[in-house]
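Coordinates as given in coords-v2.tsv (TSV, C-alpha atoms):
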```tsv
chain	number	residue	atom	x	y	z
A	1	GLY	CA	26.23	-31.65	-12.36
A	2	GLY	CA	27.80	-28.42	-13.69
A	3	ASP	CA	26.47	-25.15	-15.08
A	4	ILE	CA	23.94	-25.10	-17.92
A	5	ALA	CA	24.07	-22.49	-20.66
A	6	LEU	CA	21.98	-21.88	-23.78
A	7	LYS	CA	23.23	-19.51	-26.46
A	8	THR	CA	21.70	-18.13	-29.63
A	9	SER	CA	23.18	-18.55	-33.09
A	10	THR	CA	24.95	-15.22	-32.60
A	11	GLY	CA	26.67	-16.46	-29.48
A	12	ASP	CA	24.61	-14.43	-27.02
A	13	TYR	CA	23.40	-16.03	-23.84
A	14	ALA	CA	19.68	-16.86	-23.73
A	15	PHE	CA	19.83	-18.83	-20.49
A	16	TYR	CA	22.50	-19.52	-17.92
A	17	GLY	CA	22.07	-21.64	-14.82
A	18	ALA	CA	24.90	-21.97	-12.35
A	19	ALA	CA	25.15	-25.08	-10.23
A	20	ASN	CA	23.87	-24.26	-6.73
A	21	GLY	CA	23.72	-20.62	-7.79
A	22	ASN	CA	21.98	-18.03	-9.92
A	23	THR	CA	19.73	-18.74	-12.87
A	24	ASN	CA	19.66	-16.02	-15.53
A	25	LEU	CA	17.41	-15.18	-18.47
A	26	TYR	CA	18.63	-12.89	-21.23
A	27	TYR	CA	17.15	-10.74	-23.98
A	28	ASN	CA	19.44	-9.95	-26.90
A	29	GLY	CA	22.40	-10.88	-24.74
A	30	LEU	CA	21.37	-8.66	-21.85
A	31	GLN	CA	20.47	-10.17	-18.50
A	32	LYS	CA	16.82	-9.42	-17.57
A	33	ILE	CA	15.88	-11.92	-14.84
A	34	ARG	CA	18.21	-13.37	-12.22
A	35	THR	CA	17.36	-15.64	-9.34
A	36	ALA	CA	19.11	-15.15	-6.02
A	37	SER	CA	19.03	-16.57	-2.53
A	38	THR	CA	16.68	-13.73	-1.53
A	39	GLY	CA	14.32	-14.00	-4.52
A	40	VAL	CA	14.31	-12.64	-8.05
A	41	VAL	CA	16.05	-9.60	-9.53
A	42	VAL	CA	14.44	-8.04	-12.63
A	43	THR	CA	16.34	-5.56	-14.78
A	44	GLY	CA	13.97	-3.28	-16.72
A	45	GLY	CA	10.21	-2.97	-16.66
A	46	GLY	CA	7.53	-5.60	-16.25
A	47	SER	CA	4.08	-6.14	-17.73
A	48	PHE	CA	1.36	-8.42	-16.32
A	49	SER	CA	-1.89	-9.28	-18.07
A	50	GLY	CA	-3.50	-10.92	-15.03
A	51	ASN	CA	-3.81	-10.36	-11.29
A	52	VAL	CA	-0.65	-10.18	-9.21
A	53	GLU	CA	-0.43	-11.26	-5.58
A	54	ILE	CA	2.54	-10.65	-3.31
A	55	ALA	CA	2.52	-12.74	-0.13
A	56	THR	CA	4.94	-11.73	2.60
A	57	THR	CA	5.55	-12.16	6.30
A	58	GLY	CA	7.55	-8.95	6.52
A	59	VAL	CA	6.33	-6.01	8.61
A	60	THR	CA	8.12	-3.10	6.89
A	61	ASP	CA	8.72	-1.97	3.31
A	62	ASN	CA	6.57	-4.77	1.83
A	63	LEU	CA	6.35	-2.79	-1.41
A	64	LEU	CA	9.16	-0.29	-1.83
A	65	LEU	CA	9.64	2.00	-4.84
A	66	THR	CA	13.07	3.62	-4.92
A	67	SER	CA	14.06	6.40	-7.29
A	68	THR	CA	17.53	7.88	-7.73
A	69	ASP	CA	16.26	10.82	-9.79
A	70	THR	CA	17.79	14.11	-8.61
A	71	SER	CA	15.68	16.48	-10.71
A	72	ALA	CA	12.62	18.46	-9.61
A	73	SER	CA	10.37	15.90	-11.31
A	74	SER	CA	8.15	13.67	-9.19
A	75	ALA	CA	9.51	10.19	-8.63
A	76	PRO	CA	8.79	7.49	-7.74
A	77	ASP	CA	5.20	7.60	-8.97
A	78	VAL	CA	2.26	5.26	-8.52
A	79	VAL	CA	-0.21	5.58	-11.42
A	80	MET	CA	-3.59	3.90	-11.75
A	81	TYR	CA	-4.91	4.28	-15.32
A	82	ARG	CA	-8.29	3.06	-16.53
A	83	ASN	CA	-7.84	2.81	-20.29
A	84	ALA	CA	-11.51	2.92	-21.36
A	85	ALA	CA	-14.25	5.45	-22.03
A	86	ILE	CA	-15.64	7.01	-18.84
A	87	ALA	CA	-19.22	7.82	-17.85
A	88	ASP	CA	-21.03	9.32	-14.87
A	89	ASP	CA	-20.80	7.21	-11.70
A	90	ASP	CA	-17.78	5.24	-12.94
A	91	THR	CA	-15.23	4.13	-10.35
A	92	LEU	CA	-11.72	4.60	-11.73
A	93	GLY	CA	-9.93	2.72	-8.99
A	94	VAL	CA	-9.98	1.65	-5.35
A	95	VAL	CA	-7.37	1.25	-2.64
A	96	GLU	CA	-8.72	-1.12	0.02
A	97	TYR	CA	-7.56	-1.92	3.54
A	98	LYS	CA	-8.77	-5.33	4.75
A	99	GLY	CA	-8.24	-7.40	7.86
A	100	ARG	CA	-9.71	-10.22	9.93
A	101	ASN	CA	-13.10	-9.59	11.53
A	102	GLY	CA	-12.58	-8.33	15.09
A	103	MET	CA	-16.22	-8.98	16.05
A	104	VAL	CA	-16.19	-12.51	14.60
A	105	PRO	CA	-12.65	-13.83	15.24
A	106	SER	CA	-13.51	-17.28	13.87
A	107	SER	CA	-14.32	-15.83	10.44
A	108	THR	CA	-11.61	-16.09	7.80
A	109	THR	CA	-13.48	-13.82	5.37
A	110	PRO	CA	-11.57	-10.54	4.99
A	111	LEU	CA	-13.40	-7.48	6.31
A	112	LEU	CA	-13.10	-4.19	4.45
A	113	TYR	CA	-12.18	-1.59	7.06
A	114	ASN	CA	-11.16	1.42	4.96
A	115	ALA	CA	-11.02	2.36	1.30
A	116	ILE	CA	-10.13	5.22	-1.03
A	117	TYR	CA	-12.30	5.52	-4.15
A	118	SER	CA	-11.69	7.59	-7.27
A	119	ARG	CA	-14.98	8.22	-9.10
A	120	ILE	CA	-16.47	10.21	-11.95
A	121	ALA	CA	-19.29	12.55	-10.89
A	122	ASP	CA	-19.87	14.33	-14.19
A	123	ALA	CA	-18.04	12.98	-17.23
A	124	SER	CA	-19.15	15.89	-19.43
A	125	ASN	CA	-17.17	18.27	-17.21
A	126	ASN	CA	-14.41	15.84	-16.14
A	127	GLN	CA	-15.55	16.30	-12.54
A	128	SER	CA	-14.24	13.69	-10.15
A	129	ILE	CA	-14.80	12.64	-6.53
A	130	LEU	CA	-12.25	11.18	-4.14
A	131	THR	CA	-14.04	9.27	-1.37
A	132	LEU	CA	-12.61	8.19	1.98
A	133	SER	CA	-14.57	5.34	3.55
A	134	ALA	CA	-14.58	3.75	6.99
A	135	ASN	CA	-16.24	0.91	8.88
A	136	LYS	CA	-17.94	0.58	12.27
A	137	GLY	CA	-19.83	-2.61	13.10
A	138	ASN	CA	-20.44	-5.92	11.38
A	139	GLY	CA	-23.75	-5.46	9.55
A	140	SER	CA	-24.81	-4.37	6.09
A	141	GLY	CA	-24.65	-0.69	7.05
A	142	ALA	CA	-21.29	-0.82	8.82
A	143	PHE	CA	-19.22	0.36	5.85
A	144	THR	CA	-19.82	4.03	5.10
A	145	HIS	CA	-18.44	6.78	2.93
A	146	ALA	CA	-17.11	9.30	5.44
A	147	VAL	CA	-15.74	12.09	3.22
A	148	ASN	CA	-16.21	13.14	-0.42
A	149	ILE	CA	-13.57	15.45	-1.89
A	150	SER	CA	-14.24	17.22	-5.17
A	151	ALA	CA	-13.87	20.51	-7.04
A	152	ILE	CA	-16.68	23.06	-7.36
A	153	GLY	CA	-17.16	26.19	-9.41
A	154	THR	CA	-16.56	26.78	-13.09
A	155	ASN	CA	-14.42	24.59	-15.33
A	156	ASN	CA	-10.69	25.38	-15.33
A	157	SER	CA	-11.01	27.70	-12.30
A	158	ALA	CA	-12.66	25.45	-9.73
A	159	THR	CA	-11.81	25.35	-6.04
A	160	GLY	CA	-11.34	22.40	-3.74
A	161	ALA	CA	-14.34	21.24	-1.72
A	162	LEU	CA	-14.89	18.68	1.04
A	163	LEU	CA	-18.16	17.08	2.16
A	164	ILE	CA	-18.21	15.29	5.51
A	165	ASN	CA	-20.81	12.53	5.96
A	166	PRO	CA	-22.26	12.43	2.41
A	167	SER	CA	-25.72	10.89	2.08
A	168	SER	CA	-24.70	8.96	-1.05
A	169	ASP	CA	-21.59	7.77	-2.87
A	170	PHE	CA	-21.73	10.55	-5.44
A	171	GLN	CA	-23.09	13.46	-3.39
A	172	LEU	CA	-21.08	16.57	-4.23
A	173	PRO	CA	-20.18	19.30	-1.74
A	174	GLN	CA	-22.01	22.57	-2.30
A	175	TYR	CA	-19.44	24.63	-0.42
A	176	ASN	CA	-15.69	24.45	0.09
A	177	LEU	CA	-16.40	22.90	3.49
A	178	ASP	CA	-19.74	21.11	3.69
A	179	VAL	CA	-20.88	19.12	6.72
A	180	ASP	CA	-24.00	16.99	6.39
A	181	GLY	CA	-24.53	16.47	10.10
A	182	THR	CA	-23.30	17.89	13.39
A	183	ALA	CA	-20.05	19.83	13.67
A	184	TYR	CA	-18.27	20.46	16.95
A	185	VAL	CA	-15.25	22.73	17.31
A	186	SER	CA	-13.47	22.85	20.66
A	187	GLY	CA	-11.14	25.69	19.69
A	188	THR	CA	-11.45	29.11	18.07
A	189	ILE	CA	-13.12	29.60	14.68
A	190	LEU	CA	-11.84	32.48	12.59
A	191	ILE	CA	-14.17	33.59	9.78
A	192	GLY	CA	-12.77	36.08	7.30
A	193	GLY	CA	-15.90	36.35	5.16
A	194	THR	CA	-19.63	36.67	5.63
A	195	THR	CA	-21.45	34.21	7.88
A	196	THR	CA	-24.97	33.21	6.89
A	197	LEU	CA	-27.21	31.37	9.35
A	198	SER	CA	-30.08	29.77	7.45
A	199	THR	CA	-31.84	28.53	10.59
A	200	ILE	CA	-31.71	29.66	14.21
A	201	ALA	CA	-33.55	27.55	16.77
A	202	ASN	CA	-36.14	29.33	18.89
A	203	ALA	CA	-35.33	29.42	22.60
A	204	THR	CA	-37.95	27.56	24.62
A	205	ILE	CA	-37.39	29.81	27.63
A	206	ASP	CA	-36.45	33.43	28.12
A	207	THR	CA	-32.67	33.15	28.12
A	208	ASP	CA	-32.23	36.94	28.00
A	209	LYS	CA	-29.12	36.86	25.86
A	210	PHE	CA	-28.30	38.87	22.74
A	211	LEU	CA	-25.45	38.33	20.30
A	212	VAL	CA	-23.21	41.34	19.72
A	213	SER	CA	-19.95	42.01	17.91
A	214	ASP	CA	-16.96	42.86	20.08
A	215	SER	CA	-14.25	43.97	17.62
A	216	GLY	CA	-15.38	41.29	15.18
A	217	VAL	CA	-15.77	38.59	17.85
A	218	VAL	CA	-19.32	37.34	18.48
A	219	LYS	CA	-20.25	37.52	22.16
A	220	TYR	CA	-23.49	37.72	24.13
A	221	ARG	CA	-24.95	40.42	26.40
A	222	THR	CA	-27.97	40.23	28.67
A	223	GLY	CA	-31.03	42.39	28.07
A	224	ALA	CA	-30.10	44.71	30.95
A	225	GLN	CA	-26.58	45.11	29.55
A	226	VAL	CA	-27.87	45.90	26.07
A	227	LEU	CA	-30.23	48.55	27.51
A	228	SER	CA	-27.31	50.06	29.40
A	229	ASP	CA	-25.14	49.95	26.28
A	230	ILE	CA	-27.66	51.99	24.28
A	231	GLY	CA	-28.57	54.30	27.16
A	232	GLY	CA	-32.04	52.86	27.63
A	233	ALA	CA	-33.95	51.81	30.70
A	234	PRO	CA	-36.24	48.85	31.49
A	235	ALA	CA	-39.90	49.30	30.64
A	236	THR	CA	-42.23	50.16	33.54
```
Could the structure of this file be written out as structure tokens, please?
Amino acid sequence: GGDIALKTSTGDYAFYGAANGNTNLYYNGLQKIRTASTGVVVTGGGSFSGNVEIATTGVTDNLLLTSTDTSASSAPDVVMYRNAAIADDDTLGVVEYKGRNGMVPSSTTPLLYNAIYSRIADASNNQSILTLSANKGNGSGAFTHAVNISAIGTNNSATGALLINPSSDFQLPQYNLDVDGTAYVSGTILIGGTTTLSTIANATIDTDKFLVSDSGVVKYRTGAQVLSDIGGAPAT
């Protein structure tokens, strides 16, 4: 009914279990694992060869990494490393956000609502894609890749690029900001470089409006105003 202790031939503790208290495991006399009323305390690192599942009913800080480092180095860090040869179209890792199906409340099958994918676009140039995905609906086409983020340009001097609404998992942006669809801006757009319009729709009626530059701001003038601006007069 008392404590239980196991020692090595050198006198170091290998195991110590206190009655109605902590249970401790040791390595070379140093405590590594200790049970407590709140769970388990591990001193040092850990290595797992299989899947790990953490089940909790808590609502905050379910997985908390705390660092006491005071240097300029980054810490704490979360690293996902795929230790194998890579090839085009490989997926290096995924962060998934799942929940119960809101459209089918009776279903217990988890629904994938959002995900972050890290992929290889071109292994020969170490070019990667970071994809942000979202879901709308309950069918086979509900889950979609909303944004692809990559780097474009020459190796070792590339620039960041973002493609909204890619047509495929591995579609790369062609410009620093690439929109494959409709873009709507409710505020002011400031363009510091050259603007190229590849297509301008033909007006189906005579709208009588002309685009002009007003101190670098694009505005429109009517035909009569343009004639007045250049000192002309309407044709007779």
Q: Just the residues within 6 Å of Asn135 (chain A), please, counting all atoms listed in the file, with nothing from its chain fewer than 4 positions along; format it as an NGL selection string.
A: :A and (113 or 142-143)
Q | Polymer residues at most 10 Å from region 22-27 of chain A, only C-alpha atoms, same-chain spacing of 2 or more positions, as a PyMOL selection string | A | chain A and resi 3-7+12-20+29-37+40-42
Q | Å distance separating CA of Gly93 (chain A) from CA of Arg119 (chain A), one decimal place | A |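 Separation between CA of Gly93 (chain A) and CA of Arg119 (chain A): 7.5 Å.
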Q: Dump as number ranges by chain all residues having an atom at most 10 Å from (-12.8, 2.1, 4.3), computed in the file's coordinates with only C-alpha atoms.
A: A: 95-98, 111-117, 131-136, 143-146
Q. With all atoms listed in the file as the atoms that count, which of A:Gly139, A:Gly21, A:Gly160, A:Gly50 lies nearest to Thr38 (chain A)?
A.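 So, comparing all the options, the nearest one is A:Gly21.
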Q) Quick one: distance from CA of Asp77 (chain A) to CA of Asp61 (chain A) in Å, one decimal? A) 16.0 Å
Q. Which is closer to Ala158 (chain A) than all the others in A:Val217, A:Asn125, A:Thr196, A:Gly46, using all atoms listed in the file?
A. A:Asn125
Q: Using CA of Thr57 (chain A) and CA of Arg100 (chain A) as the two end points, give the distance in Å to one decimal.
A: 15.8 Å
Q.
Is it possible to get the residues within 10 Å of (-16.2, 16.1, -2.1) (coordinates as in the file, counting all atoms listed in the file) written as a list of chain:residue names?
A.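 Residues lying no farther than 10 Å from the given point: A:Ala121, A:Ser128, A:Ile129, A:Leu130, A:Thr131, A:Leu132, A:Val147, A:Asn148, A:Ile149, A:Ser150, A:Ala151, A:Ile152, A:Gly160, A:Ala161, A:Leu162, A:Leu163, A:Ile164, A:Asn165, A:Pro166, A:Asp169, A:Phe170, A:Gln171, A:Leu172, A:Pro173, A:Gln174, A:Tyr175, A:Asn176, A:Leu177, A:Asp178.
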Q) If we count only C-alpha atoms, what is near region 102-106 of chain A at a cut-off of 8 Å, once residues fewer than 2 positions away on the same chain are taken out, given as number ranges by chain? A) A: 100, 108, 137-138
Q: Considering all atoms listed in the file, state which residue in the set A:Ser49, A:Thr195, A:Thr222, A:Thr154 is at the smallest distance from Asp208 (chain A).
A: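 Nearest candidate to Asp208 (chain A) out of A:Ser49, A:Thr195, A:Thr222, A:Thr154: A:Thr222.
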**Q.** Counting all atoms listed in the file, the residue of A:Val59, A:Asp90, A:Gly187, A:Ser140 that sits nearest Ile120 (chain A)
**A.**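 That would be A:Asp90, the residue with the smallest distance to Ile120 (chain A).
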Size and centre in Å, one decimal, axis-aligned box, all listed region 177-188 of chain A atoms plus 8 Å per side, as lines of an AutoDock Vina configuration file:
```
center_x = -17.8
center_y = 22.8
center_z = 12.1
size_x = 29.4
size_y = 28.6
size_z = 33.2
```
Q | Pick from A:Tyr81, A:Tyr184, A:Phe210, A:Phe48, whichever lies nearest to Gly223 (chain A) using only C-alpha atoms | A | A:Phe210
